[in-house]
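Peer 1: Encoded as structure tokens, here's the structure I'll be asking about.
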Amino acid sequence: MSDQEVPNTAPDVAPDGDADTADRSDLMEKVVGLCKRRGFIFQSAEIYGGFRSTYDYGPLGVNLLRNVKNAWWEAMVQCRDDVVGLDASILSPPAVWEASGHLSNFSDPLVDCMKCHQRWREDKIEGVCPSCGSTEFTEPRAFNLMFKTHAGPIEDEGAVAYLRPETAQGMFINFANVLQTTRKKPPFGIAQVGKSFRNEITPQNFVFRTREFEQMEMEYFVPPAEAQTWFEYWLAERFNWYLRLGIPESEIRLRHHEASELAHYAAGVADVEFLFPWGWDELEGIANRSDFDLKAHGEASGEKLEYYDQTANERYVPHVIEPAAGATRTMMAFLLSAYSEDEVGGESRTLLKLHPKLAPYQVGVLPLSKKETLEPLARSVLAMLQPHFMCDYDTTQSIGKRYRRQDEVGTPWCVTIDFDSLEDGAVTVRDRDTTEQVRIPIDGLLAELRRRMDEA
Ligand code: ATP
């Protein structure tokens, strides 16, 4: 363990009194176990003992994470004519982070316990060492969270570069490029999904807080007088996105920041919070950032980051509304929320009630028997569905066991090909949540599954 690392035991937030966390106390353990057992998330470099706070997304996890990001992109870019996408570089020069304020401000206060010498974030420990209970600490020191590296072969000050701690600055420094090339005018947004890196002092709670993670951020540039209206608009849009994808209202809330919590430039911030097993915690921050970012980069770079409104013949620096979500953290929330246990035919089962759009596989294609006579038809059904849905093809063990396996990873529909299928050209479609089975002709199967997907 390096000197900056601390054991993975600190409470990140105190559980809320009103949160019904008691019956969810073993949920985390169950979901983490499922993630490993079924190939959602692995500890990184596990064969070398693991590398703390880094995770690898396995065959199912990569599908789920992609689906979360795609669902965000669909809502934020594809289905809108006022938002465009961007994929900016992860490495950037100090000038960007100087202007944004990250070099001077992006830090956490660190203290060392005088008794057991563990290192903690001062704002997270509530005056008592979580390891030994001591109340004596060193004076807090600011610790910058950015990963610093060198670009090129010479490791001197002139070669310093940083891994981005957020994707947002890419949108600000490309504001003029996007404005010129797309002919958009405020209100319009630039969206980006990608990796960010923070040298977190207390990475913890599985993939909730890691040093390498993925974000989904959008900067929405608006005329200054419209900022508050758009802030409220994006609060509602973003909150509803989680509801539409299946998070129940009892597990999600909006928390408006108190004036004392706001950065000096922010005119308003609200977090979308999820009821994690340890209490309410942040999934996404939505901020009214005023004209701070474009002004800061405009002044530091000497480039005019403004909009010229021809009709009104006036020039202004747009204000920015920023919905900033974590993709990996959100994926974890979807997993926790979807995890359920019930009984089918007197036997207990585990299932992930994931929205079909998010499920790692939408369809399990299951020939009833391994006999060669069923295989050509089963494979032709698979080939028909694959261009439209992510499918799993499973021939091992009994059909009951295969249904349980698909339930456990959240596959909403299983298609079973049996010996009758050879005669009547129909298959059985089984629903994950109700376990209801219906017979459907193969030539209407694709349309039926698409209908169910659209209705989900
Ligand atoms: P926190 O208070 O939890 O450290 P933050 O307020 O610093 O988060 P933002 O800078 O607003 O977070 O980032 C936007 C989103 O990015 C967060 O809501 C979260 O979902 C995600 N995120 C931030 N830091 C991490 C991290 N270390 N690991 C995983 N996701 C993260």
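Each chain of the structure tokens is named A, B, ... in the order shown, its residues numbered from 1; ligands are numbered from 1 in display order.
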Report as a list in words all protein, DNA and RNA residues lying within 12 Å of Phe40 in chain A, evaluated on only C-alpha atoms, omitting residues in the same chain fewer than 4 positions from it.

Peer 2: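 Here the qualifying residues turn out to be Val31, Val32, Gly33, Leu34, Cys35, Lys36, Tyr55, Asp56, Tyr57, Gly58, Pro59, Leu60, Gly61, Val62, Asn63, Leu64, Leu65, Val207, Thr328, Met331, Met332, Leu335, Ala359, Pro360, Glu408, Val409 and Gly410 of chain A.
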
Peer 1: Taking only C-alpha atoms and all ligand atoms into account, report as a ChimeraX atom specification which residues have an atom no farther than 9 Å from an atom of ligand 1.

Peer 2: /A:12,165-166,196-200,202-204,207-217,271-273,281-287,323-330

Peer 1: Using DSSP assignments from the backbone, pull out every residue in range 75-303 of chain A that falls under strand (DSSP E) and give it to me as a PDB file with N, CA, C and O atoms, in the first residue's frame.

Peer 2:
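Once everything was written out, this is states-v1.pdb:
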ATOM      1  N   VAL A  83     -28.128  19.562 -29.245  1.00  0.00           N
ATOM      2  CA  VAL A  83     -26.919  19.083 -28.543  1.00  0.00           C
ATOM      3  C   VAL A  83     -26.081  18.277 -29.520  1.00  0.00           C
ATOM      4  O   VAL A  83     -26.611  17.432 -30.250  1.00  0.00           O
ATOM      5  N   VAL A  84     -24.772  18.561 -29.538  1.00  0.00           N
ATOM      6  CA  VAL A  84     -23.860  17.807 -30.400  1.00  0.00           C
ATOM      7  C   VAL A  84     -22.818  17.113 -29.524  1.00  0.00           C
ATOM      8  O   VAL A  84     -22.617  17.490 -28.369  1.00  0.00           O
ATOM      9  N   GLY A  85     -22.146  16.121 -30.090  1.00  0.00           N
ATOM     10  CA  GLY A  85     -21.188  15.342 -29.321  1.00  0.00           C
ATOM     11  C   GLY A  85     -19.760  15.805 -29.510  1.00  0.00           C
ATOM     12  O   GLY A  85     -19.430  16.579 -30.415  1.00  0.00           O
ATOM     13  N   LEU A  91      -5.314  13.618 -22.235  1.00  0.00           N
ATOM     14  CA  LEU A  91      -4.113  14.346 -21.808  1.00  0.00           C
ATOM     15  C   LEU A  91      -4.265  15.813 -22.160  1.00  0.00           C
ATOM     16  O   LEU A  91      -4.669  16.140 -23.273  1.00  0.00           O
ATOM     17  N   SER A  92      -3.937  16.691 -21.218  1.00  0.00           N
ATOM     18  CA  SER A  92      -3.983  18.108 -21.577  1.00  0.00           C
ATOM     19  C   SER A  92      -2.922  18.890 -20.822  1.00  0.00           C
ATOM     20  O   SER A  92      -2.439  18.469 -19.764  1.00  0.00           O
ATOM     21  N   SER A 107      -8.589  20.098  -4.758  1.00  0.00           N
ATOM     22  CA  SER A 107      -7.847  19.335  -3.758  1.00  0.00           C
ATOM     23  C   SER A 107      -8.761  18.940  -2.615  1.00  0.00           C
ATOM     24  O   SER A 107      -9.809  19.549  -2.393  1.00  0.00           O
ATOM     25  N   ASP A 108      -8.348  17.917  -1.915  1.00  0.00           N
ATOM     26  CA  ASP A 108      -9.064  17.480  -0.713  1.00  0.00           C
ATOM     27  C   ASP A 108      -8.176  17.748   0.499  1.00  0.00           C
ATOM     28  O   ASP A 108      -6.957  17.646   0.410  1.00  0.00           O
ATOM     29  N   PRO A 109      -8.783  18.062   1.659  1.00  0.00           N
ATOM     30  CA  PRO A 109      -7.973  18.263   2.865  1.00  0.00           C
ATOM     31  C   PRO A 109      -7.618  16.913   3.493  1.00  0.00           C
ATOM     32  O   PRO A 109      -8.496  16.116   3.801  1.00  0.00           O
ATOM     33  N   LEU A 110      -6.317  16.658   3.668  1.00  0.00           N
ATOM     34  CA  LEU A 110      -5.844  15.370   4.190  1.00  0.00           C
ATOM     35  C   LEU A 110      -5.339  15.503   5.614  1.00  0.00           C
ATOM     36  O   LEU A 110      -4.623  16.458   5.935  1.00  0.00           O
ATOM     37  N   VAL A 111      -5.684  14.549   6.466  1.00  0.00           N
ATOM     38  CA  VAL A 111      -5.102  14.534   7.819  1.00  0.00           C
ATOM     39  C   VAL A 111      -4.566  13.134   8.120  1.00  0.00           C
ATOM     40  O   VAL A 111      -5.063  12.152   7.579  1.00  0.00           O
ATOM     41  N   ASP A 112      -3.544  13.076   8.983  1.00  0.00           N
ATOM     42  CA  ASP A 112      -3.033  11.772   9.437  1.00  0.00           C
ATOM     43  C   ASP A 112      -3.475  11.567  10.879  1.00  0.00           C
ATOM     44  O   ASP A 112      -3.422  12.495  11.699  1.00  0.00           O
ATOM     45  N   ARG A 119      -4.182   7.703   6.951  1.00  0.00           N
ATOM     46  CA  ARG A 119      -4.440   9.006   6.340  1.00  0.00           C
ATOM     47  C   ARG A 119      -5.891   9.074   5.868  1.00  0.00           C
ATOM     48  O   ARG A 119      -6.388   8.147   5.255  1.00  0.00           O
ATOM     49  N   TRP A 120      -6.561  10.209   6.140  1.00  0.00           N
ATOM     50  CA  TRP A 120      -7.985  10.331   5.822  1.00  0.00           C
ATOM     51  C   TRP A 120      -8.304  11.667   5.186  1.00  0.00           C
ATOM     52  O   TRP A 120      -7.546  12.628   5.329  1.00  0.00           O
ATOM     53  N   ARG A 121      -9.483  11.724   4.544  1.00  0.00           N
ATOM     54  CA  ARG A 121     -10.019  13.001   4.084  1.00  0.00           C
ATOM     55  C   ARG A 121     -10.699  13.649   5.267  1.00  0.00           C
ATOM     56  O   ARG A 121     -11.631  13.082   5.830  1.00  0.00           O
ATOM     57  N   ARG A 141      -3.738  19.104   5.189  1.00  0.00           N
ATOM     58  CA  ARG A 141      -2.921  19.581   4.067  1.00  0.00           C
ATOM     59  C   ARG A 141      -3.721  19.362   2.791  1.00  0.00           C
ATOM     60  O   ARG A 141      -4.419  18.350   2.652  1.00  0.00           O
ATOM     61  N   ALA A 142      -3.593  20.324   1.860  1.00  0.00           N
ATOM     62  CA  ALA A 142      -4.337  20.186   0.599  1.00  0.00           C
ATOM     63  C   ALA A 142      -3.620  19.180  -0.298  1.00  0.00           C
ATOM     64  O   ALA A 142      -2.400  19.229  -0.438  1.00  0.00           O
ATOM     65  N   PHE A 143      -4.388  18.265  -0.853  1.00  0.00           N
ATOM     66  CA  PHE A 143      -3.805  17.255  -1.728  1.00  0.00           C
ATOM     67  C   PHE A 143      -4.494  17.344  -3.083  1.00  0.00           C
ATOM     68  O   PHE A 143      -5.701  17.135  -3.195  1.00  0.00           O
ATOM     69  N   ASN A 144      -3.734  17.732  -4.135  1.00  0.00           N
ATOM     70  CA  ASN A 144      -4.355  17.886  -5.453  1.00  0.00           C
ATOM     71  C   ASN A 144      -4.693  16.525  -6.049  1.00  0.00           C
ATOM     72  O   ASN A 144      -3.895  15.598  -6.002  1.00  0.00           O
ATOM     73  N   PHE A 147      -3.925  13.580 -11.661  1.00  0.00           N
ATOM     74  CA  PHE A 147      -2.776  12.733 -12.002  1.00  0.00           C
ATOM     75  C   PHE A 147      -1.864  13.526 -12.930  1.00  0.00           C
ATOM     76  O   PHE A 147      -2.286  13.976 -13.994  1.00  0.00           O
ATOM     77  N   LYS A 148      -0.601  13.631 -12.499  1.00  0.00           N
ATOM     78  CA  LYS A 148       0.359  14.413 -13.265  1.00  0.00           C
ATOM     79  C   LYS A 148       1.264  13.441 -14.007  1.00  0.00           C
ATOM     80  O   LYS A 148       1.654  12.412 -13.451  1.00  0.00           O
ATOM     81  N   THR A 149       1.606  13.779 -15.254  1.00  0.00           N
ATOM     82  CA  THR A 149       2.550  12.920 -15.977  1.00  0.00           C
ATOM     83  C   THR A 149       3.413  13.809 -16.876  1.00  0.00           C
ATOM     84  O   THR A 149       3.372  15.037 -16.755  1.00  0.00           O
ATOM     85  N   HIS A 150       4.242  13.182 -17.704  1.00  0.00           N
ATOM     86  CA  HIS A 150       5.079  13.954 -18.617  1.00  0.00           C
ATOM     87  C   HIS A 150       4.826  13.489 -20.040  1.00  0.00           C
ATOM     88  O   HIS A 150       4.771  12.282 -20.285  1.00  0.00           O
ATOM     89  N   VAL A 160       5.228  18.750 -18.487  1.00  0.00           N
ATOM     90  CA  VAL A 160       4.142  18.304 -17.599  1.00  0.00           C
ATOM     91  C   VAL A 160       2.802  18.280 -18.337  1.00  0.00           C
ATOM     92  O   VAL A 160       2.481  19.183 -19.114  1.00  0.00           O
ATOM     93  N   ALA A 161       2.057  17.213 -18.129  1.00  0.00           N
ATOM     94  CA  ALA A 161       0.686  17.110 -18.657  1.00  0.00           C
ATOM     95  C   ALA A 161      -0.167  16.487 -17.561  1.00  0.00           C
ATOM     96  O   ALA A 161       0.365  15.881 -16.618  1.00  0.00           O
ATOM     97  N   TYR A 162      -1.470  16.639 -17.676  1.00  0.00           N
ATOM     98  CA  TYR A 162      -2.377  16.061 -16.683  1.00  0.00           C
ATOM     99  C   TYR A 162      -3.392  15.152 -17.356  1.00  0.00           C
ATOM    100  O   TYR A 162      -3.808  15.416 -18.491  1.00  0.00           O
ATOM    101  N   LEU A 163      -3.762  14.090 -16.668  1.00  0.00           N
ATOM    102  CA  LEU A 163      -4.910  13.292 -17.105  1.00  0.00           C
ATOM    103  C   LEU A 163      -6.141  14.056 -16.626  1.00  0.00           C
ATOM    104  O   LEU A 163      -6.196  14.470 -15.471  1.00  0.00           O
ATOM    105  N   PHE A 188     -27.648  25.850 -26.858  1.00  0.00           N
ATOM    106  CA  PHE A 188     -27.214  24.583 -27.447  1.00  0.00           C
ATOM    107  C   PHE A 188     -26.193  23.934 -26.504  1.00  0.00           C
ATOM    108  O   PHE A 188     -25.616  24.598 -25.644  1.00  0.00           O
ATOM    109  N   GLY A 189     -26.004  22.625 -26.705  1.00  0.00           N
ATOM    110  CA  GLY A 189     -25.119  21.916 -25.785  1.00  0.00           C
ATOM    111  C   GLY A 189     -24.061  21.098 -26.491  1.00  0.00           C
ATOM    112  O   GLY A 189     -24.195  20.753 -27.668  1.00  0.00           O
ATOM    113  N   ILE A 190     -22.973  20.806 -25.749  1.00  0.00           N
ATOM    114  CA  ILE A 190     -21.935  19.887 -26.229  1.00  0.00           C
ATOM    115  C   ILE A 190     -21.822  18.778 -25.179  1.00  0.00           C
ATOM    116  O   ILE A 190     -21.685  19.053 -23.981  1.00  0.00           O
ATOM    117  N   ALA A 191     -21.909  17.533 -25.667  1.00  0.00           N
ATOM    118  CA  ALA A 191     -21.937  16.394 -24.744  1.00  0.00           C
ATOM    119  C   ALA A 191     -20.729  15.499 -24.978  1.00  0.00           C
ATOM    120  O   ALA A 191     -20.237  15.376 -26.099  1.00  0.00           O
ATOM    121  N   GLN A 192     -20.296  14.864 -23.892  1.00  0.00           N
ATOM    122  CA  GLN A 192     -19.144  13.974 -24.016  1.00  0.00           C
ATOM    123  C   GLN A 192     -19.253  12.844 -22.987  1.00  0.00           C
ATOM    124  O   GLN A 192     -19.673  13.055 -21.852  1.00  0.00           O
ATOM    125  N   VAL A 193     -18.816  11.659 -23.417  1.00  0.00           N
ATOM    126  CA  VAL A 193     -18.741  10.513 -22.515  1.00  0.00           C
ATOM    127  C   VAL A 193     -17.307  10.019 -22.562  1.00  0.00           C
ATOM    128  O   VAL A 193     -16.750   9.850 -23.644  1.00  0.00           O
ATOM    129  N   GLY A 194     -16.701   9.811 -21.407  1.00  0.00           N
ATOM    130  CA  GLY A 194     -15.335   9.287 -21.463  1.00  0.00           C
ATOM    131  C   GLY A 194     -14.700   9.152 -20.104  1.00  0.00           C
ATOM    132  O   GLY A 194     -15.289   9.473 -19.072  1.00  0.00           O
ATOM    133  N   LYS A 195     -13.446   8.679 -20.144  1.00  0.00           N
ATOM    134  CA  LYS A 195     -12.719   8.416 -18.896  1.00  0.00           C
ATOM    135  C   LYS A 195     -12.251   9.702 -18.232  1.00  0.00           C
ATOM    136  O   LYS A 195     -11.851  10.651 -18.907  1.00  0.00           O
ATOM    137  N   SER A 196     -12.282   9.686 -16.917  1.00  0.00           N
ATOM    138  CA  SER A 196     -11.678  10.755 -16.117  1.00  0.00           C
ATOM    139  C   SER A 196     -10.871  10.095 -15.012  1.00  0.00           C
ATOM    140  O   SER A 196     -11.111   8.926 -14.680  1.00  0.00           O
ATOM    141  N   PHE A 197      -9.940  10.846 -14.455  1.00  0.00           N
ATOM    142  CA  PHE A 197      -9.016  10.273 -13.475  1.00  0.00           C
ATOM    143  C   PHE A 197      -8.878  11.220 -12.284  1.00  0.00           C
ATOM    144  O   PHE A 197      -8.670  12.416 -12.469  1.00  0.00           O
ATOM    145  N   GLU A 212      -9.988   5.790 -11.557  1.00  0.00           N
ATOM    146  CA  GLU A 212     -10.235   5.860 -12.999  1.00  0.00           C
ATOM    147  C   GLU A 212     -11.714   5.538 -13.176  1.00  0.00           C
ATOM    148  O   GLU A 212     -12.176   4.519 -12.674  1.00  0.00           O
ATOM    149  N   PHE A 213     -12.450   6.416 -13.832  1.00  0.00           N
ATOM    150  CA  PHE A 213     -13.893   6.178 -13.955  1.00  0.00           C
ATOM    151  C   PHE A 213     -14.399   6.844 -15.228  1.00  0.00           C
ATOM    152  O   PHE A 213     -13.639   7.496 -15.938  1.00  0.00           O
ATOM    153  N   GLU A 214     -15.678   6.638 -15.523  1.00  0.00           N
ATOM    154  CA  GLU A 214     -16.217   7.245 -16.736  1.00  0.00           C
ATOM    155  C   GLU A 214     -17.312   8.233 -16.396  1.00  0.00           C
ATOM    156  O   GLU A 214     -18.128   7.988 -15.497  1.00  0.00           O
ATOM    157  N   GLN A 215     -17.312   9.324 -17.135  1.00  0.00           N
ATOM    158  CA  GLN A 215     -18.319  10.363 -16.914  1.00  0.00           C
ATOM    159  C   GLN A 215     -19.172  10.587 -18.158  1.00  0.00           C
ATOM    160  O   GLN A 215     -18.754  10.256 -19.281  1.00  0.00           O
ATOM    161  N   MET A 216     -20.349  11.141 -17.939  1.00  0.00           N
ATOM    162  CA  MET A 216     -21.248  11.529 -19.033  1.00  0.00           C
ATOM    163  C   MET A 216     -21.640  12.972 -18.714  1.00  0.00           C
ATOM    164  O   MET A 216     -22.385  13.208 -17.761  1.00  0.00           O
ATOM    165  N   GLU A 217     -21.066  13.906 -19.464  1.00  0.00           N
ATOM    166  CA  GLU A 217     -21.272  15.315 -19.121  1.00  0.00           C
ATOM    167  C   GLU A 217     -21.761  16.103 -20.327  1.00  0.00           C
ATOM    168  O   GLU A 217     -21.406  15.802 -21.469  1.00  0.00           O
ATOM    169  N   MET A 218     -22.529  17.147 -20.036  1.00  0.00           N
ATOM    170  CA  MET A 218     -23.019  18.007 -21.108  1.00  0.00           C
ATOM    171  C   MET A 218     -22.953  19.450 -20.629  1.00  0.00           C
ATOM    172  O   MET A 218     -23.335  19.758 -19.510  1.00  0.00           O
ATOM    173  N   GLU A 219     -22.425  20.309 -21.496  1.00  0.00           N
ATOM    174  CA  GLU A 219     -22.387  21.743 -21.180  1.00  0.00           C
ATOM    175  C   GLU A 219     -23.412  22.407 -22.093  1.00  0.00           C
ATOM    176  O   GLU A 219     -23.315  22.313 -23.320  1.00  0.00           O
ATOM    177  N   TYR A 220     -24.395  23.059 -21.489  1.00  0.00           N
ATOM    178  CA  TYR A 220     -25.488  23.663 -22.255  1.00  0.00           C
ATOM    179  C   TYR A 220     -25.334  25.175 -22.167  1.00  0.00           C
ATOM    180  O   TYR A 220     -25.409  25.761 -21.083  1.00  0.00           O
ATOM    181  N   PHE A 221     -25.055  25.804 -23.327  1.00  0.00           N
ATOM    182  CA  PHE A 221     -24.728  27.230 -23.382  1.00  0.00           C
ATOM    183  C   PHE A 221     -25.996  28.037 -23.670  1.00  0.00           C
ATOM    184  O   PHE A 221     -26.679  27.767 -24.668  1.00  0.00           O
ATOM    185  N   VAL A 222     -26.288  28.986 -22.806  1.00  0.00           N
ATOM    186  CA  VAL A 222     -27.566  29.702 -22.920  1.00  0.00           C
ATOM    187  C   VAL A 222     -27.383  31.213 -22.800  1.00  0.00           C
ATOM    188  O   VAL A 222     -26.400  31.688 -22.203  1.00  0.00           O
ATOM    189  N   ILE A 252     -34.604   7.458  -5.412  1.00  0.00           N
ATOM    190  CA  ILE A 252     -33.890   8.560  -6.061  1.00  0.00           C
ATOM    191  C   ILE A 252     -34.486   9.883  -5.612  1.00  0.00           C
ATOM    192  O   ILE A 252     -35.689   9.969  -5.340  1.00  0.00           O
ATOM    193  N   ARG A 253     -33.633  10.899  -5.470  1.00  0.00           N
ATOM    194  CA  ARG A 253     -34.159  12.207  -5.068  1.00  0.00           C
ATOM    195  C   ARG A 253     -33.241  13.306  -5.615  1.00  0.00           C
ATOM    196  O   ARG A 253     -32.079  13.040  -5.972  1.00  0.00           O
ATOM    197  N   LEU A 254     -33.774  14.521  -5.637  1.00  0.00           N
ATOM    198  CA  LEU A 254     -32.972  15.682  -6.000  1.00  0.00           C
ATOM    199  C   LEU A 254     -32.641  16.440  -4.726  1.00  0.00           C
ATOM    200  O   LEU A 254     -33.531  16.666  -3.907  1.00  0.00           O
ATOM    201  N   ARG A 255     -31.368  16.776  -4.544  1.00  0.00           N
ATOM    202  CA  ARG A 255     -31.008  17.550  -3.350  1.00  0.00           C
ATOM    203  C   ARG A 255     -30.388  18.872  -3.784  1.00  0.00           C
ATOM    204  O   ARG A 255     -29.340  18.893  -4.443  1.00  0.00           O
ATOM    205  N   HIS A 256     -31.063  19.952  -3.445  1.00  0.00           N
ATOM    206  CA  HIS A 256     -30.521  21.273  -3.793  1.00  0.00           C
ATOM    207  C   HIS A 256     -29.426  21.653  -2.813  1.00  0.00           C
ATOM    208  O   HIS A 256     -29.592  21.491  -1.612  1.00  0.00           O
ATOM    209  N   GLY A 268     -26.424  27.968  -8.796  1.00  0.00           N
ATOM    210  CA  GLY A 268     -27.316  26.929  -8.262  1.00  0.00           C
ATOM    211  C   GLY A 268     -26.778  25.556  -8.594  1.00  0.00           C
ATOM    212  O   GLY A 268     -26.198  25.362  -9.663  1.00  0.00           O
ATOM    213  N   VAL A 269     -26.890  24.628  -7.663  1.00  0.00           N
ATOM    214  CA  VAL A 269     -26.464  23.241  -7.903  1.00  0.00           C
ATOM    215  C   VAL A 269     -27.470  22.318  -7.234  1.00  0.00           C
ATOM    216  O   VAL A 269     -27.936  22.588  -6.123  1.00  0.00           O
ATOM    217  N   ALA A 270     -27.815  21.241  -7.933  1.00  0.00           N
ATOM    218  CA  ALA A 270     -28.620  20.192  -7.297  1.00  0.00           C
ATOM    219  C   ALA A 270     -28.022  18.848  -7.696  1.00  0.00           C
ATOM    220  O   ALA A 270     -27.536  18.685  -8.818  1.00  0.00           O
ATOM    221  N   ASP A 271     -28.021  17.923  -6.761  1.00  0.00           N
ATOM    222  CA  ASP A 271     -27.512  16.579  -7.053  1.00  0.00           C
ATOM    223  C   ASP A 271     -28.672  15.620  -7.228  1.00  0.00           C
ATOM    224  O   ASP A 271     -29.668  15.693  -6.494  1.00  0.00           O
ATOM    225  N   VAL A 272     -28.532  14.711  -8.183  1.00  0.00           N
ATOM    226  CA  VAL A 272     -29.431  13.562  -8.234  1.00  0.00           C
ATOM    227  C   VAL A 272     -28.799  12.536  -7.307  1.00  0.00           C
ATOM    228  O   VAL A 272     -27.643  12.153  -7.499  1.00  0.00           O
ATOM    229  N   GLU A 273     -29.541  12.144  -6.272  1.00  0.00           N
ATOM    230  CA  GLU A 273     -28.988  11.190  -5.306  1.00  0.00           C
ATOM    231  C   GLU A 273     -29.739   9.862  -5.364  1.00  0.00           C
ATOM    232  O   GLU A 273     -30.958   9.830  -5.574  1.00  0.00           O
ATOM    233  N   PHE A 274     -28.993   8.794  -5.137  1.00  0.00           N
ATOM    234  CA  PHE A 274     -29.560   7.440  -5.136  1.00  0.00           C
ATOM    235  C   PHE A 274     -29.428   6.874  -3.728  1.00  0.00           C
ATOM    236  O   PHE A 274     -28.471   7.187  -3.007  1.00  0.00           O
ATOM    237  N   LEU A 275     -30.394   6.046  -3.366  1.00  0.00           N
ATOM    238  CA  LEU A 275     -30.343   5.434  -2.039  1.00  0.00           C
ATOM    239  C   LEU A 275     -29.425   4.204  -2.076  1.00  0.00           C
ATOM    240  O   LEU A 275     -29.867   3.085  -2.342  1.00  0.00           O
ATOM    241  N   PHE A 276     -28.128   4.446  -1.881  1.00  0.00           N
ATOM    242  CA  PHE A 276     -27.150   3.352  -1.838  1.00  0.00           C
ATOM    243  C   PHE A 276     -27.318   2.583  -0.528  1.00  0.00           C
ATOM    244  O   PHE A 276     -27.966   3.082   0.401  1.00  0.00           O
ATOM    245  N   GLY A 279     -26.693   4.726   2.361  1.00  0.00           N
ATOM    246  CA  GLY A 279     -27.467   5.965   2.501  1.00  0.00           C
ATOM    247  C   GLY A 279     -27.521   6.717   1.182  1.00  0.00           C
ATOM    248  O   GLY A 279     -27.055   6.232   0.155  1.00  0.00           O
ATOM    249  N   TRP A 280     -28.125   7.931   1.244  1.00  0.00           N
ATOM    250  CA  TRP A 280     -28.237   8.732   0.013  1.00  0.00           C
ATOM    251  C   TRP A 280     -26.867   9.231  -0.407  1.00  0.00           C
ATOM    252  O   TRP A 280     -26.106   9.732   0.423  1.00  0.00           O
ATOM    253  N   ASP A 281     -26.562   9.112  -1.706  1.00  0.00           N
ATOM    254  CA  ASP A 281     -25.279   9.624  -2.196  1.00  0.00           C
ATOM    255  C   ASP A 281     -25.417  10.014  -3.675  1.00  0.00           C
ATOM    256  O   ASP A 281     -26.315   9.547  -4.368  1.00  0.00           O
ATOM    257  N   GLU A 282     -24.450  10.817  -4.127  1.00  0.00           N
ATOM    258  CA  GLU A 282     -24.575  11.476  -5.436  1.00  0.00           C
ATOM    259  C   GLU A 282     -24.383  10.546  -6.634  1.00  0.00           C
ATOM    260  O   GLU A 282     -23.454   9.758  -6.674  1.00  0.00           O
ATOM    261  N   LEU A 283     -25.281  10.709  -7.614  1.00  0.00           N
ATOM    262  CA  LEU A 283     -25.107  10.062  -8.916  1.00  0.00           C
ATOM    263  C   LEU A 283     -24.690  11.082  -9.964  1.00  0.00           C
ATOM    264  O   LEU A 283     -23.947  10.783 -10.881  1.00  0.00           O
ATOM    265  N   GLU A 284     -25.240  12.276  -9.799  1.00  0.00           N
ATOM    266  CA  GLU A 284     -25.048  13.299 -10.830  1.00  0.00           C
ATOM    267  C   GLU A 284     -25.183  14.679 -10.198  1.00  0.00           C
ATOM    268  O   GLU A 284     -26.014  14.860  -9.309  1.00  0.00           O
ATOM    269  N   GLY A 285     -24.374  15.620 -10.653  1.00  0.00           N
ATOM    270  CA  GLY A 285     -24.513  17.000 -10.193  1.00  0.00           C
ATOM    271  C   GLY A 285     -24.996  17.851 -11.364  1.00  0.00           C
ATOM    272  O   GLY A 285     -24.487  17.716 -12.485  1.00  0.00           O
ATOM    273  N   ILE A 286     -25.986  18.706 -11.112  1.00  0.00           N
ATOM    274  CA  ILE A 286     -26.472  19.598 -12.175  1.00  0.00           C
ATOM    275  C   ILE A 286     -26.229  21.021 -11.683  1.00  0.00           C
ATOM    276  O   ILE A 286     -26.715  21.397 -10.612  1.00  0.00           O
ATOM    277  N   ALA A 287     -25.436  21.772 -12.449  1.00  0.00           N
ATOM    278  CA  ALA A 287     -25.006  23.074 -11.949  1.00  0.00           C
ATOM    279  C   ALA A 287     -25.307  24.185 -12.934  1.00  0.00           C
ATOM    280  O   ALA A 287     -25.180  24.012 -14.153  1.00  0.00           O
ATOM    281  N   ASN A 288     -25.696  25.322 -12.381  1.00  0.00           N
ATOM    282  CA  ASN A 288     -25.777  26.560 -13.148  1.00  0.00           C
ATOM    283  C   ASN A 288     -24.437  27.257 -12.899  1.00  0.00           C
ATOM    284  O   ASN A 288     -24.206  27.818 -11.838  1.00  0.00           O
TER     285      ASN A 288
END

Peer 1: Tell me, which residues of range 90-121 of chain A carry DSSP helix (DSSP H, G or I), written as a CSV table (one decimal) with N, CA and C atoms, in the first residue's frame?

Peer 2:
chain,number,residue,atom,x,y,z
A,94,PRO,N,-0.9,22.0,-18.7
A,94,PRO,CA,-1.3,22.7,-17.5
A,94,PRO,C,-2.1,23.9,-17.7
A,95,ALA,N,-2.0,24.6,-18.9
A,95,ALA,CA,-2.7,25.9,-19.1
A,95,ALA,C,-4.2,25.7,-18.9
A,96,VAL,N,-4.7,24.5,-19.4
A,96,VAL,CA,-6.2,24.3,-19.2
A,96,VAL,C,-6.6,24.2,-17.8
A,97,TRP,N,-5.8,23.6,-17.0
A,97,TRP,CA,-6.1,23.4,-15.6
A,97,TRP,C,-5.8,24.6,-14.7
A,98,GLU,N,-4.9,25.4,-15.2
A,98,GLU,CA,-4.6,26.7,-14.6
A,98,GLU,C,-5.8,27.5,-14.7
A,99,ALA,N,-6.3,27.7,-15.9
A,99,ALA,CA,-7.5,28.5,-16.2
A,99,ALA,C,-8.8,28.0,-15.5
A,100,SER,N,-8.9,26.7,-15.5
A,100,SER,CA,-10.2,26.2,-14.9
A,100,SER,C,-10.2,26.3,-13.4
A,102,HIS,N,-8.4,24.2,-11.5
A,102,HIS,CA,-8.1,22.9,-10.9
A,102,HIS,C,-6.7,22.8,-10.3
A,103,LEU,N,-5.8,23.5,-10.9
A,103,LEU,CA,-4.4,23.4,-10.3
A,103,LEU,C,-4.4,24.0,-8.9
A,104,SER,N,-5.2,25.1,-8.7
A,104,SER,CA,-5.1,25.7,-7.3
A,104,SER,C,-6.2,25.2,-6.4
A,105,ASN,N,-7.3,24.7,-7.0
A,105,ASN,CA,-8.5,24.4,-6.1
A,105,ASN,C,-8.9,22.9,-6.0
